[in-house]
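Student: Next up is a structure, given as structure tokens.
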Amino acid sequence: QVQLLESGGGSVQAGGSLRLSCAASGYTGRYYYMGWFRQAPGKEREAVAVLYTLSRSEFYADSVKGRFTISQDNAKNTLYLQMNSLKPEDTAMYYCASGTVNMVARGYPALDDRRFNYWGQGTQVTVSS
């Protein structure tokens, strides 16, 4: 059973930076997809950044392009999200997700959450103005 444990959230002023970490455990197979999603109060969950591990392709929501970077340390089974130039609108609960089934044949859009079958509990990020 895949377990995903996020850390690194917190409170920061606008313009600041945070790095989120997601430690994956409990699974020895391949993670085809790793990603970060977020949900703000009263809003739907949205994709932030997604990594396709086979191709090493990265996809970002337009709202975070140029400010956030997704990366992975395979040796540590850990996913990261470096968040720079944070804005108050980045305030949300951030969730790590993994996909253990190759969904390439489904033709989903790049940031579609249907690729992901395991989710972490989330870590809160609060950005004050």
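How things are named: the first chain in the structure tokens is A, the next is B, and so on; residues count from 1 in each chain; ligands count from 1 in the order shown.
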Write out as a PyMOL selection string the residues lying within 9 Å of Asn117 (chain A), counting only C-alpha atoms and excluding same-chain residues fewer than 4 positions away.
Tutor: chain A and resi 97-101+113
Student: Would you mind listing what lies within 8 Å of Ile70 (chain A) as a list in words, with only C-alpha atoms counted and same-chain residues fewer than 4 positions away left out?
Tutor: Gly35, Ala49, Val50, Leu51, Glu58, Leu79, Tyr80, Leu81 and Gln82 of chain A
Student: Once you have the residues from the selection above, write them out as an mmCIF file, in the first residue's frame, restricted to all heavy atoms.
Tutor:
data_model
loop_
_atom_site.group_PDB
_atom_site.id
_atom_site.type_symbol
_atom_site.label_atom_id
_atom_site.label_comp_id
_atom_site.auth_asym_id
_atom_site.auth_seq_id
_atom_site.Cartn_x
_atom_site.Cartn_y
_atom_site.Cartn_z
ATOM 1 N N GLY A 35 2.742 14.030 -8.396
ATOM 2 C CA GLY A 35 2.233 15.373 -8.585
ATOM 3 C C GLY A 35 1.869 16.078 -7.297
ATOM 4 O O GLY A 35 1.795 15.464 -6.223
ATOM 5 N N ALA A 49 1.441 20.923 -10.118
ATOM 6 C CA ALA A 49 2.576 20.456 -10.913
ATOM 7 C C ALA A 49 2.549 18.941 -10.967
ATOM 8 O O ALA A 49 2.248 18.288 -9.965
ATOM 9 C CB ALA A 49 3.890 20.933 -10.305
ATOM 10 N N VAL A 50 2.866 18.417 -12.128
ATOM 11 C CA VAL A 50 2.834 16.971 -12.346
ATOM 12 C C VAL A 50 4.114 16.542 -13.041
ATOM 13 O O VAL A 50 4.599 17.227 -13.950
ATOM 14 C CB VAL A 50 1.613 16.577 -13.191
ATOM 15 C CG1 VAL A 50 1.708 15.130 -13.646
ATOM 16 C CG2 VAL A 50 0.328 16.792 -12.399
ATOM 17 N N LEU A 51 4.635 15.405 -12.596
ATOM 18 C CA LEU A 51 5.839 14.834 -13.187
ATOM 19 C C LEU A 51 5.512 13.471 -13.767
ATOM 20 O O LEU A 51 4.991 12.599 -13.066
ATOM 21 C CB LEU A 51 6.925 14.700 -12.112
ATOM 22 C CG LEU A 51 8.225 14.021 -12.507
ATOM 23 C CD1 LEU A 51 8.965 14.840 -13.555
ATOM 24 C CD2 LEU A 51 9.101 13.779 -11.279
ATOM 25 N N GLU A 58 7.570 17.567 -17.169
ATOM 26 C CA GLU A 58 6.967 18.339 -16.084
ATOM 27 C C GLU A 58 5.852 19.220 -16.661
ATOM 28 O O GLU A 58 5.994 19.800 -17.741
ATOM 29 C CB GLU A 58 8.013 19.242 -15.411
ATOM 30 C CG GLU A 58 9.196 18.487 -14.818
ATOM 31 C CD GLU A 58 10.306 19.392 -14.349
ATOM 32 O OE1 GLU A 58 10.070 20.620 -14.235
ATOM 33 O OE2 GLU A 58 11.415 18.885 -14.111
ATOM 34 N N LEU A 79 9.436 13.352 -3.361
ATOM 35 C CA LEU A 79 9.031 14.351 -4.338
ATOM 36 C C LEU A 79 9.094 15.709 -3.669
ATOM 37 O O LEU A 79 8.783 15.822 -2.474
ATOM 38 C CB LEU A 79 7.609 14.068 -4.824
ATOM 39 C CG LEU A 79 7.033 14.973 -5.902
ATOM 40 C CD1 LEU A 79 7.686 14.659 -7.247
ATOM 41 C CD2 LEU A 79 5.520 14.801 -5.993
ATOM 42 N N TYR A 80 9.492 16.710 -4.425
ATOM 43 C CA TYR A 80 9.604 18.059 -3.875
ATOM 44 C C TYR A 80 8.788 19.045 -4.707
ATOM 45 O O TYR A 80 8.535 18.822 -5.891
ATOM 46 C CB TYR A 80 11.066 18.522 -3.865
ATOM 47 C CG TYR A 80 11.985 17.651 -3.059
ATOM 48 C CD1 TYR A 80 12.783 16.697 -3.689
ATOM 49 C CD2 TYR A 80 12.059 17.766 -1.683
ATOM 50 C CE1 TYR A 80 13.635 15.885 -2.959
ATOM 51 C CE2 TYR A 80 12.908 16.958 -0.945
ATOM 52 C CZ TYR A 80 13.693 16.022 -1.587
ATOM 53 O OH TYR A 80 14.533 15.219 -0.856
ATOM 54 N N LEU A 81 8.416 20.137 -4.069
ATOM 55 C CA LEU A 81 7.841 21.271 -4.772
ATOM 56 C C LEU A 81 8.495 22.527 -4.214
ATOM 57 O O LEU A 81 8.247 22.903 -3.067
ATOM 58 C CB LEU A 81 6.324 21.337 -4.598
ATOM 59 C CG LEU A 81 5.647 22.466 -5.382
ATOM 60 C CD1 LEU A 81 5.723 22.174 -6.896
ATOM 61 C CD2 LEU A 81 4.187 22.622 -4.971
ATOM 62 N N GLN A 82 9.360 23.116 -5.008
ATOM 63 C CA GLN A 82 9.982 24.376 -4.619
ATOM 64 C C GLN A 82 9.061 25.502 -5.054
ATOM 65 O O GLN A 82 8.738 25.613 -6.233
ATOM 66 C CB GLN A 82 11.351 24.533 -5.285
ATOM 67 C CG GLN A 82 12.053 25.837 -4.961
ATOM 68 C CD GLN A 82 12.432 25.961 -3.503
ATOM 69 O OE1 GLN A 82 12.930 25.010 -2.901
ATOM 70 N NE2 GLN A 82 12.202 27.131 -2.928
#
Student: So, with only C-alpha atoms as the atoms that count, which of A:Lys87, A:Thr78, A:Gln121, A:Arg106 lies closest to Gly15 (chain A)?
Tutor: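 Closest to Gly15 (chain A), using only C-alpha atoms: A:Lys87.
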Student: Region 22-106 of chain A: which residues are strand (DSSP E) by DSSP, as a ChimeraX atom specification?
Tutor: /A:22-25,33-39,46-52,57-60,68-73,78-83,92-99
Student: Using only C-alpha atoms for the distances, tell me which of A:Gly42, A:Pro109, A:Pro88, A:Gly26 is nearest to Val2 (chain A).
Tutor: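 Among A:Gly42, A:Pro109, A:Pro88, A:Gly26, it is A:Gly26 that comes nearest to Val2 (chain A).
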Student: Pick the closest to Ser25 (chain A) from A:Ser128, A:Gln1, A:Ser63, A:Thr123: which is it, counting only C-alpha atoms?
Tutor: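 Closest residue, counting only C-alpha atoms: A:Gln1.
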Student: Here is a test: counting only C-alpha atoms, which residue of A:Gly66, A:Gly107, A:Pro41, A:Gly29 is nearest to Gln124 (chain A)?
Tutor: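 The shortest atom-to-atom distance to Gln124 (chain A) comes from A:Pro41.
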Student: Would you kindly return, as a list in words, each protein, DNA or RNA residue with an atom no farther than 7 Å from any atom of Thr126 (chain A), considering only C-alpha atoms and excluding same-chain residues fewer than 3 positions away?
Tutor: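 So the residues in contact are Gly10, Ser11, Val12, Thr91 and Ala92 of chain A.
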Student: Those selected residues, please, written with C-alpha atoms and delivered as a PDB file, in the first residue's frame.
Tutor:
ATOM      1  CA  GLY A  10       3.838  26.705   6.878  1.00  0.00           C
ATOM      2  CA  SER A  11       3.166  30.413   6.939  1.00  0.00           C
ATOM      3  CA  VAL A  12       5.170  32.850   4.860  1.00  0.00           C
ATOM      4  CA  THR A  91      -2.735  29.775   0.165  1.00  0.00           C
ATOM      5  CA  ALA A  92      -4.202  26.261   0.236  1.00  0.00           C
TER       6      ALA A  92
END
